[in-house]
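Participant: I have a structure here, written as structure tokens, and I will follow up with some questions on it.
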Protein chains: 2
Amino acid sequence: MIATVSLNPSIDVRYSLPVFQIGQIHRAASIDKTAGGKGLNVSRVLSQLGMKVSCTGFLGGKNGEWIADRLQDSMLENRFIPIKGETRSCLAILTEDGQTEILEQGPYISEDERKLFLEIYDSILEEADYIVASGSLPTGLEQSFYQLLADRAKQKGRYFLLDTSGIGLAQGIQGKPFLIKPNKEEFCKLIGKSHIELDEMMEYAQEICKNGVEYLLLSMGKEGALLVSKSRILKADIPVIKAMNPVGSGDSMLAGFTFAHSKEYSLEEVLKWACACGMSNAASEKTGSINPLEVQQFINLIKVVEITNL
Amino acid sequence: MIATVSLNPSIDVRYSLPVFQIGQIHRAASIDKTAGGKGLNVSRVLSQLGMKVSCTGFLGGKNGEWIADRLQDSMLENRFIPIKGETRSCLAILTEDGQTEILEQGPYISEDERKLFLEIYDSILEEADYIVASGSLPTGLEQSFYQLLADRAKQKGRYFLLDTSGIGLAQGIQGKPFLIKPNKEEFCKLIGKSHIELDEMMEYAQEICKNGVEYLLLSMGKEGALLVSKSRILKADIPVIKAMNPVGSGDSMLAGFTFAHSKEYSLEEVLKWACACGMSNAASEKTGSINPLEVQQFINLIKVVEITNL
């Protein structure tokens with residue numbers, strides 16, 4: 001079984017407007033609401049790939065109930081902790097000119113709620129082979145919270161995959177997760193550089209792997225991806241596709257990696273699966289959604305090369 | 001008892017941002033959620049004035065449940081019809097430069113839901129002396145729906161007060177409501193003019209009253225208000241106050257009018273109560289909220305004159 005951890009989930013609300021102007025009143029005819037946040041995107045894609053997925057984290061208020069109903073619709077097991085605060089909404093306002101976003105901060109997690117979560121987490125570790133933890137840390141939890149989760153997973157011999165950014169990632173790495181999946185921007189931030197070239201990126205990535213992270217999956221959008229371990233570097237080149245909605249593609253990559261790794265595919269195949277799931281999400285209008293048949297087609301078009309000399 | 005009708009209520013969400021730029025990602029630290037829509041503003045103010053208020057209309061989904069919880073917090077009787085669609089949210093993004101709004105359209109009302117509402121409405125008419133109907137018509141209801149509600153209220157000898165705009169108001173007037181409460185902009189739209197002077201405004205208002213509307217309460221912001229009937233025109237001049245949040249002031253005026261009229265105060269006093277409630281709302285940070293002590297103080301500062309010669 002695979003478990004996903006969404007500590008700060010959200011309802012993702014998308015407004016499509018013909019024009020959007022500051023200081024004006026807009027009537028929105030088209031609204032789209034998704035049980036969002038990175039962790040739930042990962043969960044849905046894993047479920048679409050036929051995996052049994054158990055979801056945990058924190059849910060509160062009517063927004064939390066709305067998400068719980070959507071978990072049921074997607075046949076995802078609900079192991080979320082009910083909290084006193086209200087689960088956040090995150091808004092995207094889409095016009096022809098681009099996307100404007102408003103991200104709410106989310107609820108405060110109390111000490112009691114934190115304790116209850118760790119109890120559920122420990123019981124999930126008894127059953128799950130893979131733990132995929134994604135997204136930001138809500139207020140109330142310590143910045144080393146992902147390190148704690150990684151430590152506990154390792155003690156039980158579970159694979160712990162972490163997709164977050166900023167201090168949560170920097171601290172989480174101390175727990176030596178099985179995998180981290182930064183994009184280029186998050187990676188630059190992690191190593192404290194504003195911009196770096198591919199060669200340098202690979203050097204830094206291997207450095208991180210030498211310090212205990214097993215794999216680093218670096219997503220680079222249209223430029224494909226790198227999969228780095230202590231001893232190997234694989235680079236995937238992906239074909240050009242028409243991207244309808246790139247949001248959630250990184251989460252879909254993580255789902256693809258987890259699926260293929262759990263099937264014990266070769267590392268080359270695992271990287272292809274990750275990229276193909278990311279592409280299929282980008283080709284879909286829905287966030288955190290793939291088409292398994294399309295994934296198979298994309299896999300045949302992706303080229304993976306081993307980079308031996310840095 | 002007073003009943004309020006909110007056919008298309010909403011959760012009013014207010015984001016306060018230091019800067020707001022199209023195409024950018026914003027993290028909102030401060031969010032304020034209110035059970036909103038004009039009808040619920042009226043209801044809360046009436047309740048703050050000590051009146052027993054019964055609220056009806058349509059509520060659906062988790063947003064509807066959230067509003068139902070807020071009704072309970074405000075000690076308002078919940079006579080809403082549960083519907084299949086989801087109650088809307090309306091967003092206001094506040095920055096120092098002003099306010100940007102996104103108004104959702106709201107749910108579709110089915111024929112069965114419409115029928116059920118009319119049954120509840122008829123039972124409410126058995127008990128309520130005043131019916132205050134506010135806001136836009138949801139899709140699925142005919143544009144003459146307020147006329148229907150006004151007709152039924154009149155048949156039972158009830159006071160029907162209508163605060164809406166556009167076609168809903170133009171058609172609603174055919175039901176000869178006891179009162180309509182347009183602001184200047186809505187009034188201009190109603191009579192098909194882009195701009196008119198005070199004298200002309202009073203002439204048109206009396207014309208409307210001669211056609212069956214008992215009172216026309218015209219709110220004019222800082223310039224006070226006019227209360228017009230077939231035979232009389234009263235004008236209220238209000239003192240300058242520091243407006244914190246003018247949203248909901250028109251709704252608070254309507255509540256003040258209804259309260260004072262139900263107490264059988266003189267028409268001059270009724271107009272003062274309407275204006276004082278509007279002012280107290282504007283002086284408060286909260287939408288649809290007054291301070292009854294402050295209302296008393298404002299009443300002493302408002303001057304009402306009778307305009308005899310047009």
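Residues in the structure tokens are named by chain (A, B, ... in the order shown) and by number from 1 within that chain; ligands are numbered from 1 in the order shown.
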Tell me which protein, DNA and RNA residues are within 9 Å of range 118-128 of chain B, counting only C-alpha atoms, leaving out same-chain ones fewer than 3 positions away, and put them as a PyMOL selection string.
Facilitator: chain B and resi 1-3+5+54+56-57+79-81+113-115+131+149+152-153+156+158-159
Participant: Any chance you could tabulate, as a tab-separated table, the residues of chain B at most 8 Å from chain A with each one's nearest atom pair and distance in Å to one decimal, using only C-alpha atoms, in chain and rising number order?
Facilitator:
residue	atom	partner	partner_atom	distance
B:Phe20	CA	A:Ile22	CA	7.8
B:Gln21	CA	A:Thr100	CA	7.5
B:Ile22	CA	A:Thr100	CA	5.3
B:Gly23	CA	A:Thr100	CA	4.3
B:Gln24	CA	A:Thr100	CA	5.1
B:Ile25	CA	A:Glu101	CA	4.5
B:His26	CA	A:Ile102	CA	4.7
B:Arg27	CA	A:Leu103	CA	4.8
B:Ala28	CA	A:Glu104	CA	4.9
B:Ala29	CA	A:Gln105	CA	5.9
B:Ile31	CA	A:Glu104	CA	7.7
B:Lys62	CA	A:Lys62	CA	5.5
B:Asn63	CA	A:Lys62	CA	7.1
B:Glu65	CA	A:Lys62	CA	7.4
B:Trp66	CA	A:Lys62	CA	6.3
B:Asp97	CA	A:Gly23	CA	7.7
B:Gly98	CA	A:Gly23	CA	5.7
B:Gln99	CA	A:Gly23	CA	5.0
B:Thr100	CA	A:Gly23	CA	4.3
B:Glu101	CA	A:Ile25	CA	4.5
B:Ile102	CA	A:His26	CA	4.7
B:Leu103	CA	A:Arg27	CA	4.8
B:Glu104	CA	A:Ala28	CA	5.0
B:Gln105	CA	A:Ala29	CA	5.9
Participant: Counting only C-alpha atoms, what is within 7 Å of Gly135 in chain B, bar same-chain residues fewer than 5 positions away, as a count of residues only?
Facilitator: 7
Participant: Looking only at the backbone, which of the residues in range 129-164 of chain B does DSSP tag as strand (DSSP E or B), as a PyMOL selection string?
Facilitator: chain B and resi 130-134+139+159-163
Participant: When DSSP is applied to the backbone of this structure, which of range 26-242 of chain B are assigned alpha helix (DSSP H)? Write them out as a PyMOL selection string.
Facilitator: chain B and resi 38-48+61-73+111-127+145-155+166-172+184-191+198-210
Participant: Using only C-alpha atoms, determine which residues lie at most 7 Å from Ser89 in chain A, disregarding the query and same-chain residues fewer than 4 positions distant; provide the list as a ChimeraX atom specification.
Facilitator: /A:10-13,104
Participant: Restrict the selected residues to N, CA, C and O atoms and save them as a PDB file, in the first residue's frame.
Facilitator:
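What ended up in part.pdb:
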ATOM      1  N   SER A  10      -5.724  21.833   0.402  1.00  0.00           N
ATOM      2  CA  SER A  10      -6.547  23.005   0.078  1.00  0.00           C
ATOM      3  C   SER A  10      -7.608  22.635  -0.949  1.00  0.00           C
ATOM      4  O   SER A  10      -7.484  21.636  -1.650  1.00  0.00           O
ATOM      5  N   ILE A  11      -8.649  23.458  -0.971  1.00  0.00           N
ATOM      6  CA  ILE A  11      -9.565  23.418  -2.106  1.00  0.00           C
ATOM      7  C   ILE A  11      -8.985  24.374  -3.134  1.00  0.00           C
ATOM      8  O   ILE A  11      -8.801  25.557  -2.846  1.00  0.00           O
ATOM      9  N   ASP A  12      -8.652  23.853  -4.292  1.00  0.00           N
ATOM     10  CA  ASP A  12      -8.120  24.715  -5.346  1.00  0.00           C
ATOM     11  C   ASP A  12      -9.282  25.213  -6.195  1.00  0.00           C
ATOM     12  O   ASP A  12     -10.016  24.417  -6.782  1.00  0.00           O
ATOM     13  N   VAL A  13      -9.455  26.521  -6.214  1.00  0.00           N
ATOM     14  CA  VAL A  13     -10.571  27.139  -6.929  1.00  0.00           C
ATOM     15  C   VAL A  13     -10.001  27.878  -8.132  1.00  0.00           C
ATOM     16  O   VAL A  13      -9.036  28.639  -8.007  1.00  0.00           O
ATOM     17  N   GLU A 104      -4.110  30.950   0.474  1.00  0.00           N
ATOM     18  CA  GLU A 104      -4.364  31.167   1.896  1.00  0.00           C
ATOM     19  C   GLU A 104      -3.306  30.413   2.696  1.00  0.00           C
ATOM     20  O   GLU A 104      -2.728  29.438   2.226  1.00  0.00           O
TER      21      GLU A 104
END
Participant: In Å, how far is it from CA of Gln171 in chain B to CA of Ser144 in chain B?
Facilitator: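 Atom-to-atom, CA of Gln171 in chain B and CA of Ser144 in chain B are spaced 5.2 Å apart.
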Participant: Measure the distance from CA of Gly140 in chain B to CA of Ile109 in chain B in Å and round it to one decimal.
Facilitator: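 Taking CA of Gly140 in chain B and CA of Ile109 in chain B, their separation equals 4.8 Å.
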Participant: Can you pull out the residues contacting Glu269 in chain B? Cut-off 10 Å, using only C-alpha atoms, and skip same-chain residues under 2 positions away; I want them as a PyMOL selection string.
Facilitator: chain B and resi 257+260-261+264-267+271-275+299+302+304
Participant: Excluding same-chain residues fewer than 3 positions from Pro177 in chain B, what lies within 9 Å of it counting only C-alpha atoms, as number ranges by chain?
Facilitator: B: 147, 150-151, 153-154, 159-162, 172-174, 180, 212-215
Participant: Which residues come within 9 Å of Glu96 in chain B, counting only C-alpha atoms, excluding same-chain residues fewer than 4 positions away, as a VMD selection string?
Facilitator: chain B and resid 16 to 19
